[in-house]
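Structure file run-v7.txt (compact mmCIF, C-alpha atoms and all ligand atoms) is printed below.
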# COMPACT_ATOMS: atom_id res chain seq x y z
CA MET A 25 0.00 0.00 0.00
CA GLY A 26 1.25 3.47 -0.83
CA ARG A 27 2.33 5.80 1.89
CA VAL A 28 3.35 9.46 1.73
CA THR A 29 6.89 10.10 2.88
CA GLU A 30 6.78 13.77 3.83
CA LEU A 31 4.98 17.08 3.71
CA GLY A 32 7.07 18.48 0.89
CA TYR A 33 5.59 21.91 0.33
CA ILE A 34 2.81 24.12 1.62
CA GLY A 35 0.97 26.96 -0.11
CA PHE A 36 -0.74 29.99 1.34
CA GLU A 37 -2.97 32.57 -0.34
CA VAL A 38 -1.89 35.91 1.12
CA SER A 39 -3.21 39.42 0.66
CA ASP A 40 0.07 41.24 1.43
CA LEU A 41 2.99 39.55 -0.29
CA ALA A 42 5.41 42.33 0.63
CA ALA A 43 4.60 42.00 4.34
CA TRP A 44 5.02 38.23 4.08
CA GLU A 45 8.38 38.61 2.38
CA ARG A 46 9.62 40.88 5.21
CA PHE A 47 8.26 38.43 7.78
CA ALA A 48 9.50 35.19 6.25
CA VAL A 49 12.77 36.34 4.66
CA ASP A 50 14.03 39.28 6.73
CA LEU A 51 12.85 38.10 10.14
CA LEU A 52 12.80 34.30 9.96
CA GLY A 53 15.53 33.75 7.38
CA LEU A 54 13.68 31.73 4.75
CA VAL A 55 15.37 32.04 1.37
CA PRO A 56 13.58 33.38 -1.71
CA GLY A 57 13.68 31.04 -4.69
CA ALA A 58 13.87 32.07 -8.31
CA ARG A 59 11.18 34.62 -9.09
CA GLU A 60 8.97 33.29 -11.81
CA ALA A 61 5.69 34.71 -13.03
CA ASP A 62 3.67 31.52 -12.59
CA ARG A 63 4.62 30.74 -9.01
CA GLY A 64 4.06 33.67 -6.61
CA LEU A 65 6.76 33.98 -3.96
CA ALA A 66 8.68 30.72 -3.61
CA LEU A 67 10.56 30.20 -0.36
CA ARG A 68 13.31 27.66 0.14
CA LEU A 69 14.53 25.79 3.21
CA ASP A 70 16.99 23.48 1.49
CA ASP A 71 18.10 22.30 -1.93
CA ARG A 72 14.54 22.03 -3.24
CA VAL A 73 13.12 24.77 -5.48
CA HIS A 74 10.50 25.61 -2.86
CA ARG A 75 9.06 24.45 0.43
CA MET A 76 6.57 27.30 0.87
CA LEU A 77 4.61 29.02 -1.89
CA LEU A 78 2.85 32.33 -1.32
CA GLU A 79 0.22 33.30 -3.85
CA GLN A 80 -1.46 36.69 -3.98
CA GLY A 81 -5.15 36.57 -3.06
CA PRO A 82 -7.71 37.65 -0.50
CA ALA A 83 -8.04 34.43 1.55
CA ASP A 84 -5.09 34.87 3.92
CA ASP A 85 -5.22 31.17 4.59
CA LEU A 86 -3.92 27.73 3.71
CA ALA A 87 -4.22 27.10 -0.03
CA PHE A 88 -2.73 23.62 -0.48
CA ILE A 89 -0.46 21.04 1.12
CA GLY A 90 1.83 18.87 -1.00
CA PHE A 91 2.82 15.38 0.12
CA ASP A 92 5.64 13.39 -1.46
CA CYS A 93 4.50 9.90 -2.41
CA GLY A 94 8.01 8.57 -2.89
CA SER A 95 7.32 6.85 -6.21
CA ALA A 96 4.86 6.87 -9.08
CA ALA A 97 3.67 3.41 -8.02
CA SER A 98 2.93 4.69 -4.51
CA LEU A 99 1.04 7.67 -5.96
CA ASP A 100 -1.05 5.30 -8.07
CA GLU A 101 -1.81 3.12 -5.03
CA LEU A 102 -2.80 6.14 -2.96
CA ARG A 103 -5.06 7.39 -5.75
CA ALA A 104 -6.73 3.99 -5.92
CA SER A 105 -7.24 3.62 -2.17
CA LEU A 106 -8.60 7.15 -1.75
CA GLY A 107 -10.91 6.59 -4.70
CA ALA A 108 -12.14 3.33 -3.21
CA ALA A 109 -12.86 5.19 0.04
CA GLY A 110 -15.07 7.62 -1.85
CA HIS A 111 -12.69 10.57 -2.25
CA THR A 112 -12.44 12.35 -5.57
CA VAL A 113 -8.86 12.41 -6.81
CA VAL A 114 -7.99 14.24 -10.02
CA GLU A 115 -4.73 13.97 -11.92
CA GLY A 116 -3.01 17.35 -12.08
CA ASP A 117 -2.37 18.56 -15.63
CA ALA A 118 1.05 19.34 -17.04
CA ALA A 119 0.65 23.07 -16.38
CA LEU A 120 0.01 22.48 -12.67
CA ALA A 121 2.87 20.00 -12.40
CA ALA A 122 5.17 22.55 -14.03
CA ARG A 123 3.99 25.30 -11.67
CA ARG A 124 4.70 23.09 -8.65
CA ARG A 125 7.99 21.88 -10.16
CA VAL A 126 7.04 18.22 -9.71
CA ASP A 127 7.14 15.30 -12.10
CA ARG A 128 3.51 14.44 -11.49
CA LEU A 129 0.71 15.14 -9.00
CA ALA A 130 -2.87 14.28 -8.13
CA VAL A 131 -5.25 16.61 -6.32
CA THR A 132 -7.84 15.75 -3.69
CA HIS A 133 -9.41 17.36 -0.63
CA ASP A 134 -9.40 16.24 2.98
CA PRO A 135 -12.63 16.13 5.04
CA ALA A 136 -12.05 19.72 6.22
CA GLY A 137 -11.90 20.84 2.60
CA ASN A 138 -8.16 21.47 2.50
CA ARG A 139 -6.62 20.98 -0.92
CA VAL A 140 -4.18 18.06 -0.80
CA GLU A 141 -1.65 17.48 -3.57
CA LEU A 142 -0.01 14.08 -3.82
CA TYR A 143 3.14 14.38 -5.89
CA VAL A 144 6.35 12.76 -6.95
CA GLY A 145 9.62 14.44 -7.95
CA LEU A 146 9.84 17.90 -6.39
CA ALA A 147 12.73 19.53 -8.24
CA CYS A 148 16.00 20.62 -6.69
CA ASP A 149 17.15 24.15 -7.45
CA ALA A 150 20.07 24.76 -9.75
CA ALA A 151 21.19 27.49 -7.36
CA PRO A 152 23.08 26.13 -4.34
CA PHE A 153 21.32 26.67 -1.03
CA ALA A 154 22.54 29.05 1.65
CA ALA A 155 20.57 30.63 4.51
CA PRO A 156 22.58 33.74 5.47
CA ARG A 157 20.24 34.65 8.34
CA LEU A 158 21.00 31.38 10.17
CA ARG A 159 24.10 30.21 11.94
CA SER A 160 22.83 26.65 11.47
CA ARG A 161 20.38 25.40 8.84
CA PHE A 162 16.77 24.50 8.34
CA VAL A 163 15.98 20.94 9.34
CA THR A 164 14.20 19.08 6.58
CA ASP A 165 16.16 15.85 6.00
CA ALA A 166 13.77 12.87 6.17
CA GLY A 167 11.18 14.97 7.99
CA GLY A 168 10.02 17.18 5.14
CA ALA A 169 9.24 20.89 5.24
CA GLY A 170 7.73 21.00 8.72
CA HIS A 171 4.45 20.34 10.46
CA ALA A 172 0.95 21.76 10.22
CA PHE A 173 -1.71 22.01 12.92
CA LEU A 174 -5.13 21.84 11.33
CA PRO A 175 -8.32 22.76 13.15
CA THR A 176 -11.23 20.55 12.20
CA GLU A 177 -14.86 20.01 13.06
CA ASP A 178 -14.55 16.27 12.60
CA ARG A 179 -11.29 14.95 13.98
CA ALA A 180 -12.18 11.31 13.34
CA ALA A 181 -12.85 11.96 9.65
CA MET A 182 -9.59 13.87 9.28
CA LEU A 183 -7.66 11.15 11.04
CA GLY A 184 -9.24 8.50 8.80
CA PHE A 185 -8.36 10.39 5.64
CA TYR A 186 -4.74 10.91 6.59
CA GLN A 187 -4.34 7.38 7.92
CA ALA A 188 -5.47 6.22 4.47
CA ILE A 189 -2.45 7.96 2.92
CA GLY A 190 -0.05 6.55 5.48
CA PHE A 191 -0.10 8.71 8.60
CA ARG A 192 0.16 6.99 11.98
CA ILE A 193 -0.75 8.30 15.40
CA SER A 194 2.15 9.64 17.48
CA ASP A 195 0.28 10.71 20.61
CA TYR A 196 -2.35 13.05 22.01
CA ILE A 197 -2.46 16.23 24.06
CA ARG A 198 -5.59 16.98 26.03
CA GLN A 199 -5.38 20.19 28.00
CA GLU A 200 -7.61 22.91 29.39
CA VAL A 201 -6.03 25.99 27.82
CA ALA A 202 -8.60 28.42 29.23
CA PRO A 203 -11.37 27.89 31.77
CA GLY A 204 -13.80 25.45 30.18
CA MET A 205 -11.89 25.27 26.91
CA VAL A 206 -10.23 21.90 26.43
CA VAL A 207 -7.95 21.33 23.46
CA ASP A 208 -7.92 17.68 22.47
CA ALA A 209 -5.35 17.19 19.73
CA VAL A 210 -4.05 14.12 17.94
CA PHE A 211 -0.54 14.18 16.49
CA THR A 212 0.40 12.06 13.47
CA HIS A 213 3.58 11.22 11.62
CA CYS A 214 4.59 9.87 8.23
CA ASN A 215 8.37 9.86 8.83
CA PRO A 216 10.71 10.30 11.83
CA ARG A 217 9.50 13.85 12.56
CA HIS A 218 7.37 13.47 15.70
CA HIS A 219 4.39 14.93 13.89
CA THR A 220 3.79 16.25 10.43
CA LEU A 221 0.07 16.85 10.94
CA ALA A 222 -1.94 17.50 14.09
CA PHE A 223 -5.71 17.78 14.30
CA ALA A 224 -7.96 19.23 16.95
CA ALA A 225 -11.59 20.28 17.15
CA LEU A 226 -10.99 23.99 17.62
CA PRO A 227 -13.15 26.93 16.68
CA SER A 228 -10.99 28.65 14.05
CA PRO A 229 -11.51 31.34 11.41
CA LYS A 230 -8.62 29.80 9.42
CA ARG A 231 -7.97 26.41 7.82
CA ILE A 232 -4.63 26.26 9.60
CA HIS A 233 -3.65 27.14 13.16
CA HIS A 234 0.08 27.10 12.50
CA PHE A 235 2.84 25.78 10.33
CA MET A 236 6.15 24.86 11.95
CA ILE A 237 9.63 25.34 10.50
CA GLU A 238 12.63 23.85 12.29
CA VAL A 239 16.24 25.01 12.52
CA ALA A 240 19.23 23.02 13.78
CA ASP A 241 20.39 25.41 16.53
CA ALA A 242 18.34 26.93 19.35
CA VAL A 243 20.43 30.10 19.04
CA ASP A 244 18.75 30.63 15.66
CA VAL A 245 15.39 30.35 17.41
CA GLY A 246 16.45 33.01 19.92
CA GLN A 247 17.77 35.34 17.26
CA ALA A 248 14.65 34.99 15.11
CA HIS A 249 12.58 35.60 18.24
CA ASP A 250 14.52 38.85 18.83
CA ARG A 251 14.11 40.02 15.23
CA VAL A 252 10.36 39.27 15.32
CA GLN A 253 9.95 41.12 18.61
CA ASP A 254 12.04 44.08 17.47
CA ALA A 255 9.86 44.34 14.36
CA GLY A 256 6.73 44.50 16.48
CA VAL A 257 5.28 41.25 15.14
CA PRO A 258 2.81 39.82 17.67
CA LEU A 259 3.66 36.51 19.30
CA ALA A 260 0.91 33.98 19.95
CA LEU A 261 3.24 32.00 22.21
CA SER A 262 6.60 33.09 23.56
CA LEU A 263 9.61 30.78 23.87
CA GLY A 264 8.88 27.41 25.37
CA ALA A 265 8.89 23.67 24.77
CA HIS A 266 6.07 21.27 23.98
CA PRO A 267 5.72 18.17 26.15
CA ASN A 268 5.38 15.71 23.27
CA ASP A 269 7.75 16.66 20.45
CA ARG A 270 9.97 18.67 22.84
CA MET A 271 10.35 21.39 20.22
CA PHE A 272 11.81 24.58 21.67
CA SER A 273 9.94 27.26 19.77
CA PHE A 274 7.89 30.42 19.59
CA TYR A 275 4.77 31.20 17.59
CA ALA A 276 4.64 34.41 15.56
CA VAL A 277 1.44 35.71 14.05
CA THR A 278 1.90 35.88 10.27
CA PRO A 279 0.63 38.79 8.17
CA SER A 280 -2.29 36.49 7.30
CA GLY A 281 -3.41 35.98 10.90
CA PHE A 282 -2.54 32.33 11.41
CA CYS A 283 0.72 31.43 13.15
CA LEU A 284 4.15 30.28 12.16
CA GLU A 285 6.00 28.21 14.73
CA PHE A 286 9.80 28.49 14.60
CA GLY A 287 11.69 25.90 16.61
CA ALA A 288 14.65 23.64 17.18
CA GLY A 289 15.32 20.27 18.74
CA GLY A 290 12.18 18.44 17.65
CA ARG A 291 12.13 14.83 18.70
CA LEU A 292 12.39 12.02 16.17
CA ILE A 293 10.33 8.87 16.62
CA GLU A 294 9.63 5.46 15.09
CA ASP A 295 6.28 3.85 14.41
FE FE2 A 301 3.48 22.91 16.28
Transcribe the structure of this file into C-alpha cells.
Amino acid sequence: MGRVTELGYIGFEVSDLAAWERFAVDLLGLVPGAREADRGLALRLDDRVHRMLLEQGPADDLAFIGFDCGSAASLDELRASLGAAGHTVVEGDAALAARRRVDRLAVTHDPAGNRVELYVGLACDAAPFAAPRLRSRFVTDAGGAGHAFLPTEDRAAMLGFYQAIGFRISDYIRQEVAPGMVVDAVFTHCNPRHHTLAFAALPSPKRIHHFMIEVADAVDVGQAHDRVQDAGVPLALSLGAHPNDRMFSFYAVTPSGFCLEFGAGGRLIED
C-alpha cells in the first residue's frame, strides 16, 4: 500500500505579499527562490526549489499542502485507495505540475476541505542553497518541510483520511487551555519527525492554526525571536517547549493571521 513520505511543500494565499516577504525572509531567514511569473513567492529551506509558496489573493489562509508519495507506483496506489474510500482524486495537468515543479501530482481534498496534492519528484534548485540569516540550517532531511496544525470540526474523519495515505498516530495532548476550553489534539507522523500533521476540534476562522519550521540550533530560534519582537510582530506563544515533540519554539502571528512556529530540537520517533 502506498504511503506518503513527507509534507514536501505548503501553499498559502496571502493578501500582502510584501509584508510576508519581510516576515519570512528578513525576520525568519527563509530564502527566496527564483522569481517566476507563474509561481508567486517561492521560499526555500533546502536544496529544493520551494518548500513554501505564497500566492497573492484575499483568503489569507492555507491554499494547499503537497505530500511526497516517494514513487509513481505509490502515488497510483494512494489514488486507488482514496478513490475506493469515496474521495475524488484528479490527476493534475502538465501546467500544474510545471507550476509546482514536480514530475507528477494528483489533487484531492481532505474532510475539512483542504486541498491536498499528492506528488512525486519535487525539483531541486540549480542554485546552491545558503541561509545567510542562520548560523545553522533549516531541518528538513527525512522529515520534510515542517508540520501543520489543522483545526477541524470532525477529527475522526480527518484522522481516517490521513491514515489512508499513510499517517500513523504519534500521541495526544488533552489540556484545558482556558477555563472550560479543552484542546484535544491528535498528532500524526509519516516519517521520523514526531508529527507532520496534528488535528484538533478547535473553533478557528482559518484552515490552519500554525505551520512549523525547524532550525538546527536553538540560538537561531532566539535570534529569530529577537528580530520578530524588534519588528513589532505579535507573538501567539513566547519561547517554550512542547511536552510531546519537545520542540523549543515560539509562535509568531503571520501577516495572514494564522501562526508560524519556529523551533529547534524536535524529537524524532519510530512507528
Ligand atoms: Fe506545532
Taking only C-alpha atoms and all ligand atoms into account, which residues have an atom no farther than 9 Å from ligand FE2 301 (chain A)? I'd like them as a PyMOL selection string. chain A and resi 170-173+219-222+233-237+266+269+271+273+275+284-287
Can I get the selected residues back with C-alpha atoms, as a compact mmCIF listing (two decimals), in the coordinates of the input?
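Heads up, here's the output in out03.txt:
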# COMPACT_ATOMS: atom_id res chain seq x y z
CA GLY A 170 7.73 21.00 8.72
CA HIS A 171 4.45 20.34 10.46
CA ALA A 172 0.95 21.76 10.22
CA PHE A 173 -1.71 22.01 12.92
CA HIS A 219 4.39 14.93 13.89
CA THR A 220 3.79 16.25 10.43
CA LEU A 221 0.07 16.85 10.94
CA ALA A 222 -1.94 17.50 14.09
CA HIS A 233 -3.65 27.14 13.16
CA HIS A 234 0.08 27.10 12.50
CA PHE A 235 2.84 25.78 10.33
CA MET A 236 6.15 24.86 11.95
CA ILE A 237 9.63 25.34 10.50
CA HIS A 266 6.07 21.27 23.98
CA ASP A 269 7.75 16.66 20.45
CA MET A 271 10.35 21.39 20.22
CA SER A 273 9.94 27.26 19.77
CA TYR A 275 4.77 31.20 17.59
CA LEU A 284 4.15 30.28 12.16
CA GLU A 285 6.00 28.21 14.73
CA PHE A 286 9.80 28.49 14.60
CA GLY A 287 11.69 25.90 16.61
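Our summary of the geometry notes that CA of Asp71 (chain A) is positioned 6.7 Å from CA of Pro152 (chain A).
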In the coordinates of the file, take the point (-5.1, 36.1, 9.9) and a cut-off of 12 Å; then, counting only C-alpha atoms, name each qualifying protein, DNA or RNA residue as a CSV table (one decimal) with C-alpha atoms, in the frame of the given file.
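After the write, point04.csv holds the following:
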chain,number,residue,atom,x,y,z
A,36,PHE,CA,-0.7,30.0,1.3
A,37,GLU,CA,-3.0,32.6,-0.3
A,38,VAL,CA,-1.9,35.9,1.1
A,39,SER,CA,-3.2,39.4,0.7
A,40,ASP,CA,0.1,41.2,1.4
A,44,TRP,CA,5.0,38.2,4.1
A,82,PRO,CA,-7.7,37.6,-0.5
A,83,ALA,CA,-8.0,34.4,1.6
A,84,ASP,CA,-5.1,34.9,3.9
A,85,ASP,CA,-5.2,31.2,4.6
A,86,LEU,CA,-3.9,27.7,3.7
A,228,SER,CA,-11.0,28.6,14.0
A,229,PRO,CA,-11.5,31.3,11.4
A,230,LYS,CA,-8.6,29.8,9.4
A,231,ARG,CA,-8.0,26.4,7.8
A,232,ILE,CA,-4.6,26.3,9.6
A,233,HIS,CA,-3.6,27.1,13.2
A,234,HIS,CA,0.1,27.1,12.5
A,258,PRO,CA,2.8,39.8,17.7
A,260,ALA,CA,0.9,34.0,20.0
A,276,ALA,CA,4.6,34.4,15.6
A,277,VAL,CA,1.4,35.7,14.0
A,278,THR,CA,1.9,35.9,10.3
A,279,PRO,CA,0.6,38.8,8.2
A,280,SER,CA,-2.3,36.5,7.3
A,281,GLY,CA,-3.4,36.0,10.9
A,282,PHE,CA,-2.5,32.3,11.4
A,283,CYS,CA,0.7,31.4,13.2
A,284,LEU,CA,4.2,30.3,12.2
Which residue of A:Ile34, A:Glu177, A:Phe191, A:Asp117 approaches Asp208 (chain A) most closely, using all atoms listed in the file: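 Of all the options, A:Glu177 lies closest to Asp208 (chain A).
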At a cut-off of 6 Å from (3.3, 32.9, -5.3) in the coordinates of the file, what residues are picked up using only C-alpha atoms, written as a list in words?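 Output of the proximity query reads Arg63, Gly64, Leu65, Leu77, Leu78 and Glu79 of chain A.
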I need the residues from that last selection saved to file as a PDB file, in the coordinates of the input (with C-alpha atoms), if you can.
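Writing the result to result_25.pdb gives the following:
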ATOM      1  CA  ARG A  63       4.620  30.740  -9.010  1.00  0.00           C
ATOM      2  CA  GLY A  64       4.060  33.670  -6.610  1.00  0.00           C
ATOM      3  CA  LEU A  65       6.760  33.980  -3.960  1.00  0.00           C
ATOM      4  CA  LEU A  77       4.610  29.020  -1.890  1.00  0.00           C
ATOM      5  CA  LEU A  78       2.850  32.330  -1.320  1.00  0.00           C
ATOM      6  CA  GLU A  79       0.220  33.300  -3.850  1.00  0.00           C
TER       7      GLU A  79
END
Skip region 134-146 of chain A itself and residues of its chain fewer than 4 positions away, then list as number ranges by chain all residues within 10 Å of it, counting all atoms listed in the file. A: 28, 31-35, 72-75, 86-100, 102-103, 111-116, 121, 124-130, 174-186, 189, 231-232
Please compute the CA of Pro56 (chain A)-CA of Asp244 (chain A) distance, one decimal, in Å.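 Atom-to-atom, CA of Pro56 (chain A) and CA of Asp244 (chain A) are spaced 18.3 Å apart.
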Closest to Cys214 (chain A) among A:Gly256, A:Gly246, A:Gly167, A:Pro156, using all atoms listed in the file?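 Closest to Cys214 (chain A) of all the choices is A:Gly167.
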With only C-alpha atoms as the atoms that count, which of A:Leu263, A:Val163, A:Ala242, A:Leu292 lies nearest to His218 (chain A)? A:Leu292
For Arg251 (chain A), work out the shell of residues within 9 Å, counting all atoms listed in the file and skipping chain neighbours fewer than 6 positions away, then give it as a ChimeraX atom specification. /A:50-52,257
Minimum-distance residue to Glu101 (chain A), chosen among A:Ala265, A:Ala188, A:Val252, A:Ala147 (using only C-alpha atoms):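 Distance minimum relative to Glu101 (chain A) lands on A:Ala188.
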Using all atoms listed in the file, find the one residue out of A:Val243, A:Ala43, A:Val210, A:Leu120 that sits nearest to Ile193 (chain A). A:Val210
Pick from A:Arg68, A:Arg59, A:Arg291, A:Arg46, whichever lies nearest to Ala155 (chain A) using all atoms listed in the file: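 Going through A:Arg68, A:Arg59, A:Arg291, A:Arg46 one by one, the smallest distance to Ala155 (chain A) is for A:Arg68.
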Kindly give the distance, in Å, that separates CA of Tyr196 (chain A) and CA of Ala288 (chain A), rounded to a single decimal.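 The value is 20.6 Å.
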